[in-house]
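As structure tokens, the structure follows; a few thoughts come after it.
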Amino acid sequence: MKAIVVGAGIAGLVTARQLGLAGWDVALLEKSDGPRPDGYMMDFFGPGVDAAERIGLYPRLAAAAYRPDAVEYVDTRGRRTCSLDYGQFSRLAGGNVLSLLRPDMERAALAALADVPAGRVRIRYRARLAGAWNDDDGGVRAAVVGPTGEVLTGDVLVGADGIHSEVRARIFGPERNYLRPLGMRAAAFIAEDPKLASRFRNRFVLTDSIGRMAGIYSLRTGEVAAFMVYRDAGGTGSGPGSPDARDRLCEEFAGLGVTVDRLLELCPEYPYDDVVAQTIMPVWHRGATVLVGDAGGAVSLLAGQGGSLAIAGGALLGDLLGPASSPDGVSAALGVFEERWRPQVEAAQKAGRRAARSFLPANRVQRLARRWVIRATHLPGVDRLVARQILGQTVK
């Protein structure tokens with residue numbers, strides 16, 4: 001059995017690994033030159049934790065995790081206005097929450113490919129999808145533009161290539177039919193500044209600002225990870241790679257204090273800067289093609305479960321396309337995958353839409369209300385209510 005997996009991000013790497021362990025030959029295509037260095041800090045909890053433990057990925061993730069003491073909100077002078085106790089949040093989420101930088105999650109999933117027998121999974125970087133088709137005989141074909149430039153054939157095509165999925169566009173239709181912007185854009189980059197890294201060690205600090213938010217976290221490498229979210233009234237759904245992204249960030253985030261000013265000085269020429277959006281689709285599979293991760297069910301960074309769902313979804317897909325699969329059974333297995341996985345994704349998307357309504361206060365009254373809610377999380381009962389809104393599930 002042969003699989004073509006497009007996208008070597010978290011979902012694609014986990015899917016390729018599980019299929020390789022199940023005996024499939026996997027061609028893993030990635031348009032980037034190599035593992036991507038950009039990304040923001042994510043809380044890893046929920047279904048991904050159980051899946052990672054089951055498939056043996058959790059130890060690698062735990063080794064890469066950070067353990068902040070608190071999430072702090074500060075004013076333009078750097079004074080704390082309110083904070084969330086990270087240990088308390090972790091306990092409410094089941095006591096098993098990891099803070100992971102997105103590139104570190106990807107590197108952990110990439111290293112886990114070493115568990116697959118040699119030759120089963122072949123990664124092809126700089127390989128861009130030029131076409132994809134479901135064959136009449138139940139198989140799939142994918143035309144690749146890259147170092148080898150060829151047409152691949154397989155028994156299943158997995159689109160794991162993110163919210164701007166090329167597989168989705170080729171098989172299901174244009175992006176505008178499925179992408180639902182949430183009125184914001186997010187930017188992230190990593191920069192070297194030992195003084196900032198020392199100052200913010202073990203603290204995830206966010207600006208307590210209106211209509212925009214900048215965050216900083218120190219890394220064990222002596223670098224700092226910057227994270228910025230701002231309103232996008234146009235809601236165009238345009239992707240990353242804009243040549244004026246740095247100038248736009250400097251304009252949007254001016255006036256938030258000396259720390260943010262320093263981050264803007266460190267901002268690279270082409271930072272990651274993309275729309276905050278969800279992918280809403282009536283179906284995730286067609287013929288022998290299926291979408292996994294953000295390609296079919298993006299929840300947005302506001303739901304806090306993108307990495308978790310990427311791992312859990314890839315693991316489930318690998319289970320259902322296991323050693324007993326045959327070309328005749330692939331389509332049926334994809335239907336079962338969607339039936340079992342959609343409720344989890346839709347619950348997380350609902351939580352993401354709830355978070356979007358209050359994530360960036362539009363005025364001083366809304367900002368004050370957020371402060372009251374955050375301060376109230378230290379009270380028994382209120383902490384569970386807030387955690388339930390964040391997690392999208394019942395907490396103990």
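Just remember, in the structure tokens the first chain shown is A, the second B, etc., residues are 1-based per chain, and ligands are 1-based in the order shown.
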
May I have all residues of range 58-239 of chain A that DSSP, computed from the backbone, assigns to alpha helix (DSSP H), given as a PyMOL selection string?
chain A and resi 58-64+86-92+102-111+166-171+194-199

Got a sec: who's within 7 Å of range 186-203 of chain A, counting only C-alpha atoms, leaving out chain neighbours fewer than 4 positions off, as a PDB file with N, CA, C and O atoms, in the first residue's frame?
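That gives us part.pdb:
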```
ATOM      1  N   ASP A  38       9.699  28.910  12.286  1.00  0.00           N
ATOM      2  CA  ASP A  38       8.776  29.880  12.860  1.00  0.00           C
ATOM      3  C   ASP A  38       7.653  29.194  13.625  1.00  0.00           C
ATOM      4  O   ASP A  38       7.276  28.062  13.334  1.00  0.00           O
ATOM      5  N   GLY A  39       7.088  29.935  14.569  1.00  0.00           N
ATOM      6  CA  GLY A  39       5.932  29.426  15.294  1.00  0.00           C
ATOM      7  C   GLY A  39       5.871  29.990  16.695  1.00  0.00           C
ATOM      8  O   GLY A  39       6.835  30.562  17.196  1.00  0.00           O
ATOM      9  N   TYR A  40       4.727  29.807  17.326  1.00  0.00           N
ATOM     10  CA  TYR A  40       4.496  30.386  18.635  1.00  0.00           C
ATOM     11  C   TYR A  40       4.397  29.289  19.688  1.00  0.00           C
ATOM     12  O   TYR A  40       4.362  28.096  19.380  1.00  0.00           O
ATOM     13  N   ARG A  67       8.189  25.033  31.110  1.00  0.00           N
ATOM     14  CA  ARG A  67       7.302  24.983  32.276  1.00  0.00           C
ATOM     15  C   ARG A  67       7.195  26.361  32.918  1.00  0.00           C
ATOM     16  O   ARG A  67       7.861  26.645  33.919  1.00  0.00           O
ATOM     17  N   PRO A  68       6.372  27.232  32.327  1.00  0.00           N
ATOM     18  CA  PRO A  68       6.203  28.584  32.894  1.00  0.00           C
ATOM     19  C   PRO A  68       5.491  28.540  34.243  1.00  0.00           C
ATOM     20  O   PRO A  68       4.678  27.651  34.499  1.00  0.00           O
ATOM     21  N   ASP A  69       5.830  29.503  35.086  1.00  0.00           N
ATOM     22  CA  ASP A  69       5.166  29.603  36.379  1.00  0.00           C
ATOM     23  C   ASP A  69       3.801  30.278  36.251  1.00  0.00           C
ATOM     24  O   ASP A  69       2.865  29.948  36.975  1.00  0.00           O
ATOM     25  N   ALA A  70       3.714  31.251  35.321  1.00  0.00           N
ATOM     26  CA  ALA A  70       2.479  32.023  35.212  1.00  0.00           C
ATOM     27  C   ALA A  70       2.384  32.666  33.840  1.00  0.00           C
ATOM     28  O   ALA A  70       3.382  32.814  33.126  1.00  0.00           O
ATOM     29  N   VAL A  71       1.168  33.017  33.482  1.00  0.00           N
ATOM     30  CA  VAL A  71       0.906  33.876  32.326  1.00  0.00           C
ATOM     31  C   VAL A  71       0.555  35.241  32.890  1.00  0.00           C
ATOM     32  O   VAL A  71      -0.429  35.385  33.621  1.00  0.00           O
ATOM     33  N   TYR A 217       8.301  35.148  25.380  1.00  0.00           N
ATOM     34  CA  TYR A 217       8.714  34.046  26.237  1.00  0.00           C
ATOM     35  C   TYR A 217      10.167  33.737  25.942  1.00  0.00           C
ATOM     36  O   TYR A 217      10.597  33.748  24.787  1.00  0.00           O
ATOM     37  N   SER A 218      10.946  33.486  27.000  1.00  0.00           N
ATOM     38  CA  SER A 218      12.367  33.197  26.797  1.00  0.00           C
ATOM     39  C   SER A 218      12.565  31.708  26.514  1.00  0.00           C
ATOM     40  O   SER A 218      11.854  30.855  27.056  1.00  0.00           O
ATOM     41  N   LEU A 219      13.541  31.413  25.669  1.00  0.00           N
ATOM     42  CA  LEU A 219      13.840  30.042  25.280  1.00  0.00           C
ATOM     43  C   LEU A 219      15.147  29.585  25.915  1.00  0.00           C
ATOM     44  O   LEU A 219      16.003  30.394  26.275  1.00  0.00           O
ATOM     45  N   GLY A 222      18.659  30.959  24.840  1.00  0.00           N
ATOM     46  CA  GLY A 222      19.048  32.353  25.004  1.00  0.00           C
ATOM     47  C   GLY A 222      18.303  33.271  24.058  1.00  0.00           C
ATOM     48  O   GLY A 222      18.521  34.488  24.072  1.00  0.00           O
ATOM     49  N   GLU A 223      17.404  32.714  23.262  1.00  0.00           N
ATOM     50  CA  GLU A 223      16.576  33.511  22.353  1.00  0.00           C
ATOM     51  C   GLU A 223      15.237  33.816  23.027  1.00  0.00           C
ATOM     52  O   GLU A 223      14.927  33.283  24.097  1.00  0.00           O
ATOM     53  N   VAL A 224      14.452  34.669  22.369  1.00  0.00           N
ATOM     54  CA  VAL A 224      13.096  34.943  22.831  1.00  0.00           C
ATOM     55  C   VAL A 224      12.118  34.647  21.699  1.00  0.00           C
ATOM     56  O   VAL A 224      12.427  34.856  20.519  1.00  0.00           O
ATOM     57  N   ALA A 225      10.955  34.149  22.072  1.00  0.00           N
ATOM     58  CA  ALA A 225       9.879  33.904  21.110  1.00  0.00           C
ATOM     59  C   ALA A 225       8.867  35.027  21.250  1.00  0.00           C
ATOM     60  O   ALA A 225       8.385  35.300  22.349  1.00  0.00           O
ATOM     61  N   ALA A 226       8.578  35.696  20.147  1.00  0.00           N
ATOM     62  CA  ALA A 226       7.606  36.787  20.137  1.00  0.00           C
ATOM     63  C   ALA A 226       6.329  36.321  19.467  1.00  0.00           C
ATOM     64  O   ALA A 226       6.352  35.561  18.490  1.00  0.00           O
ATOM     65  N   PHE A 227       5.214  36.790  19.996  1.00  0.00           N
ATOM     66  CA  PHE A 227       3.892  36.396  19.509  1.00  0.00           C
ATOM     67  C   PHE A 227       3.023  37.644  19.490  1.00  0.00           C
ATOM     68  O   PHE A 227       2.953  38.374  20.478  1.00  0.00           O
ATOM     69  N   MET A 228       2.376  37.935  18.358  1.00  0.00           N
ATOM     70  CA  MET A 228       1.593  39.152  18.216  1.00  0.00           C
ATOM     71  C   MET A 228       0.267  38.856  17.529  1.00  0.00           C
ATOM     72  O   MET A 228       0.233  38.145  16.511  1.00  0.00           O
ATOM     73  N   VAL A 229      -0.813  39.394  18.089  1.00  0.00           N
ATOM     74  CA  VAL A 229      -2.143  39.237  17.498  1.00  0.00           C
ATOM     75  C   VAL A 229      -2.771  40.617  17.367  1.00  0.00           C
ATOM     76  O   VAL A 229      -2.678  41.429  18.287  1.00  0.00           O
ATOM     77  N   TYR A 230      -3.388  40.877  16.224  1.00  0.00           N
ATOM     78  CA  TYR A 230      -4.003  42.191  16.005  1.00  0.00           C
ATOM     79  C   TYR A 230      -5.227  42.035  15.124  1.00  0.00           C
ATOM     80  O   TYR A 230      -5.405  41.034  14.429  1.00  0.00           O
ATOM     81  N   LEU A 266      13.953  43.638  16.670  1.00  0.00           N
ATOM     82  CA  LEU A 266      14.488  42.311  16.383  1.00  0.00           C
ATOM     83  C   LEU A 266      13.705  41.568  15.301  1.00  0.00           C
ATOM     84  O   LEU A 266      14.149  40.521  14.826  1.00  0.00           O
ATOM     85  N   CYS A 267      12.551  42.097  14.918  1.00  0.00           N
ATOM     86  CA  CYS A 267      11.684  41.414  13.951  1.00  0.00           C
ATOM     87  C   CYS A 267      12.412  41.177  12.626  1.00  0.00           C
ATOM     88  O   CYS A 267      12.994  42.101  12.061  1.00  0.00           O
ATOM     89  N   PRO A 271       8.687  37.979   8.752  1.00  0.00           N
ATOM     90  CA  PRO A 271       8.163  37.176   9.863  1.00  0.00           C
ATOM     91  C   PRO A 271       6.947  36.364   9.430  1.00  0.00           C
ATOM     92  O   PRO A 271       6.289  36.681   8.435  1.00  0.00           O
ATOM     93  N   TYR A 272       6.662  35.316  10.204  1.00  0.00           N
ATOM     94  CA  TYR A 272       5.391  34.621  10.018  1.00  0.00           C
ATOM     95  C   TYR A 272       4.272  35.591  10.382  1.00  0.00           C
ATOM     96  O   TYR A 272       4.273  36.204  11.446  1.00  0.00           O
ATOM     97  N   ASP A 273       3.302  35.751   9.505  1.00  0.00           N
ATOM     98  CA  ASP A 273       2.174  36.660   9.741  1.00  0.00           C
ATOM     99  C   ASP A 273       1.012  36.155   8.903  1.00  0.00           C
ATOM    100  O   ASP A 273       1.055  36.214   7.672  1.00  0.00           O
ATOM    101  N   ASP A 274      -0.018  35.644   9.561  1.00  0.00           N
ATOM    102  CA  ASP A 274      -1.090  34.984   8.820  1.00  0.00           C
ATOM    103  C   ASP A 274      -2.427  35.252   9.487  1.00  0.00           C
ATOM    104  O   ASP A 274      -2.509  35.684  10.637  1.00  0.00           O
ATOM    105  N   VAL A 275      -3.470  34.970   8.752  1.00  0.00           N
ATOM    106  CA  VAL A 275      -4.835  35.155   9.243  1.00  0.00           C
ATOM    107  C   VAL A 275      -5.139  34.149  10.350  1.00  0.00           C
ATOM    108  O   VAL A 275      -4.648  33.018  10.333  1.00  0.00           O
ATOM    109  N   VAL A 276      -5.900  34.570  11.349  1.00  0.00           N
ATOM    110  CA  VAL A 276      -6.430  33.661  12.370  1.00  0.00           C
ATOM    111  C   VAL A 276      -7.784  33.189  11.857  1.00  0.00           C
ATOM    112  O   VAL A 276      -8.712  33.987  11.692  1.00  0.00           O
TER     113      VAL A 276
END
```

Compile the contact shell of range 43-53 of chain A as a PDB file with N, CA and C atoms, in the first residue's frame: residues with an atom at most 9 Å away, counting only C-alpha atoms, same-chain residues fewer than 5 positions apart removed.
```pdb
ATOM      1  N   TYR A  58       5.059  10.863  23.342  1.00  0.00           N
ATOM      2  CA  TYR A  58       5.014  11.775  24.490  1.00  0.00           C
ATOM      3  C   TYR A  58       6.385  12.044  25.116  1.00  0.00           C
ATOM      4  N   PRO A  59       7.258  11.050  25.314  1.00  0.00           N
ATOM      5  CA  PRO A  59       8.561  11.352  25.921  1.00  0.00           C
ATOM      6  C   PRO A  59       9.360  12.393  25.147  1.00  0.00           C
ATOM      7  N   LEU A  61       8.078  14.824  23.325  1.00  0.00           N
ATOM      8  CA  LEU A  61       7.420  16.109  23.542  1.00  0.00           C
ATOM      9  C   LEU A  61       7.752  16.652  24.929  1.00  0.00           C
ATOM     10  N   SER A  90      -3.011  23.792  34.653  1.00  0.00           N
ATOM     11  CA  SER A  90      -2.598  22.432  34.324  1.00  0.00           C
ATOM     12  C   SER A  90      -3.387  21.399  35.114  1.00  0.00           C
ATOM     13  N   ALA A  93      -6.821  20.944  33.746  1.00  0.00           N
ATOM     14  CA  ALA A  93      -6.804  20.260  32.450  1.00  0.00           C
ATOM     15  C   ALA A  93      -6.407  18.798  32.567  1.00  0.00           C
ATOM     16  N   GLY A  94      -6.312  18.317  33.792  1.00  0.00           N
ATOM     17  CA  GLY A  94      -5.985  16.910  33.995  1.00  0.00           C
ATOM     18  C   GLY A  94      -4.579  16.682  34.491  1.00  0.00           C
ATOM     19  N   ASN A  96      -1.751  17.345  33.035  1.00  0.00           N
ATOM     20  CA  ASN A  96      -0.795  16.902  32.026  1.00  0.00           C
ATOM     21  C   ASN A  96      -0.770  17.888  30.867  1.00  0.00           C
ATOM     22  N   VAL A  97      -0.308  19.110  31.132  1.00  0.00           N
ATOM     23  CA  VAL A  97      -0.233  20.152  30.122  1.00  0.00           C
ATOM     24  C   VAL A  97       1.233  20.473  29.848  1.00  0.00           C
ATOM     25  N   LEU A  98       1.614  20.497  28.587  1.00  0.00           N
ATOM     26  CA  LEU A  98       2.967  20.871  28.193  1.00  0.00           C
ATOM     27  C   LEU A  98       2.916  22.184  27.423  1.00  0.00           C
ATOM     28  N   SER A  99       3.872  23.064  27.697  1.00  0.00           N
ATOM     29  CA  SER A  99       4.032  24.277  26.888  1.00  0.00           C
ATOM     30  C   SER A  99       5.128  24.007  25.878  1.00  0.00           C
ATOM     31  N   LEU A 100       4.764  24.047  24.612  1.00  0.00           N
ATOM     32  CA  LEU A 100       5.693  23.655  23.553  1.00  0.00           C
ATOM     33  C   LEU A 100       5.745  24.709  22.465  1.00  0.00           C
ATOM     34  N   LEU A 101       6.948  24.999  22.019  1.00  0.00           N
ATOM     35  CA  LEU A 101       7.121  25.845  20.854  1.00  0.00           C
ATOM     36  C   LEU A 101       6.779  25.015  19.621  1.00  0.00           C
ATOM     37  N   GLY A 304      -6.308  26.832  21.336  1.00  0.00           N
ATOM     38  CA  GLY A 304      -5.212  26.241  22.075  1.00  0.00           C
ATOM     39  C   GLY A 304      -5.034  24.751  21.884  1.00  0.00           C
ATOM     40  N   GLN A 305      -5.657  24.157  20.869  1.00  0.00           N
ATOM     41  CA  GLN A 305      -5.606  22.707  20.716  1.00  0.00           C
ATOM     42  C   GLN A 305      -5.132  22.264  19.336  1.00  0.00           C
ATOM     43  N   GLY A 306      -4.567  23.178  18.552  1.00  0.00           N
ATOM     44  CA  GLY A 306      -4.161  22.810  17.199  1.00  0.00           C
ATOM     45  C   GLY A 306      -3.150  21.677  17.167  1.00  0.00           C
ATOM     46  N   GLY A 307      -2.097  21.782  17.983  1.00  0.00           N
ATOM     47  CA  GLY A 307      -1.093  20.728  18.016  1.00  0.00           C
ATOM     48  C   GLY A 307      -1.637  19.425  18.565  1.00  0.00           C
ATOM     49  N   SER A 308      -2.481  19.525  19.579  1.00  0.00           N
ATOM     50  CA  SER A 308      -3.084  18.335  20.170  1.00  0.00           C
ATOM     51  C   SER A 308      -3.948  17.597  19.154  1.00  0.00           C
ATOM     52  N   LEU A 309      -4.776  18.330  18.431  1.00  0.00           N
ATOM     53  CA  LEU A 309      -5.652  17.693  17.451  1.00  0.00           C
ATOM     54  C   LEU A 309      -4.872  17.169  16.254  1.00  0.00           C
ATOM     55  N   ALA A 310      -3.770  17.832  15.915  1.00  0.00           N
ATOM     56  CA  ALA A 310      -2.937  17.346  14.810  1.00  0.00           C
ATOM     57  C   ALA A 310      -2.377  15.967  15.127  1.00  0.00           C
ATOM     58  N   ILE A 311      -1.888  15.791  16.343  1.00  0.00           N
ATOM     59  CA  ILE A 311      -1.311  14.501  16.739  1.00  0.00           C
ATOM     60  C   ILE A 311      -2.397  13.436  16.888  1.00  0.00           C
ATOM     61  N   ALA A 312      -3.478  13.789  17.571  1.00  0.00           N
ATOM     62  CA  ALA A 312      -4.540  12.807  17.785  1.00  0.00           C
ATOM     63  C   ALA A 312      -5.205  12.397  16.474  1.00  0.00           C
ATOM     64  N   GLY A 313      -5.429  13.369  15.578  1.00  0.00           N
ATOM     65  CA  GLY A 313      -6.042  13.051  14.294  1.00  0.00           C
ATOM     66  C   GLY A 313      -5.144  12.185  13.433  1.00  0.00           C
ATOM     67  N   ALA A 315      -2.820  10.155  14.497  1.00  0.00           N
ATOM     68  CA  ALA A 315      -2.732   8.825  15.102  1.00  0.00           C
ATOM     69  C   ALA A 315      -3.970   7.996  14.795  1.00  0.00           C
ATOM     70  N   LEU A 316      -5.144   8.623  14.866  1.00  0.00           N
ATOM     71  CA  LEU A 316      -6.381   7.900  14.576  1.00  0.00           C
ATOM     72  C   LEU A 316      -6.419   7.455  13.121  1.00  0.00           C
ATOM     73  N   GLN A 344     -14.868  15.773  17.989  1.00  0.00           N
ATOM     74  CA  GLN A 344     -13.767  16.372  18.742  1.00  0.00           C
ATOM     75  C   GLN A 344     -13.361  17.710  18.138  1.00  0.00           C
ATOM     76  N   LEU A 391     -10.923  25.072  27.677  1.00  0.00           N
ATOM     77  CA  LEU A 391     -10.689  23.707  27.244  1.00  0.00           C
ATOM     78  C   LEU A 391     -11.793  23.136  26.378  1.00  0.00           C
TER      79      LEU A 391
END
```

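For the pair CA of Gly12 in chain A and CA of Ala111 in chain A, the separation is 13.2 Å.
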
Report the residues of range 6-204 of chain A whose backbone DSSP state falls under strand (DSSP E), written as a PyMOL selection string.
chain A and resi 6+25-30+41-44+70-74+80-85+98-101+121-125+128-134+140-145+151-154+156-159+179-192+203-204

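Here CA of Asp25 in chain A and CA of Arg128 in chain A stand 19.5 Å from one another.
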
From the list A:Ala214, A:Ala114, A:Leu249, A:Met42, the nearest residue to Leu302 in chain A using only C-alpha atoms is A:Met42

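Of note, CA of Ala295 in chain A and CA of Leu152 in chain A are spaced 20.7 Å apart.
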
Near Arg79 in chain A, counting only C-alpha atoms, which residues have an atom at most 10 Å away, once you skip same-chain residues fewer than 6 positions from it, shown as a ChimeraX atom specification?
/A:72-73,207-208

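The neighbours of Arg141 in chain A here are the residues that come within 10 Å of it, using only C-alpha atoms and leaving out any residue fewer than 5 positions away in the same chain; they are Ile4, Gly131, Ala132, Trp133, Asn134, Asp135, Val151, Leu152, Thr153, Gly154, Asp155, Val156, Leu157, Ala288 and Thr289 of chain A.
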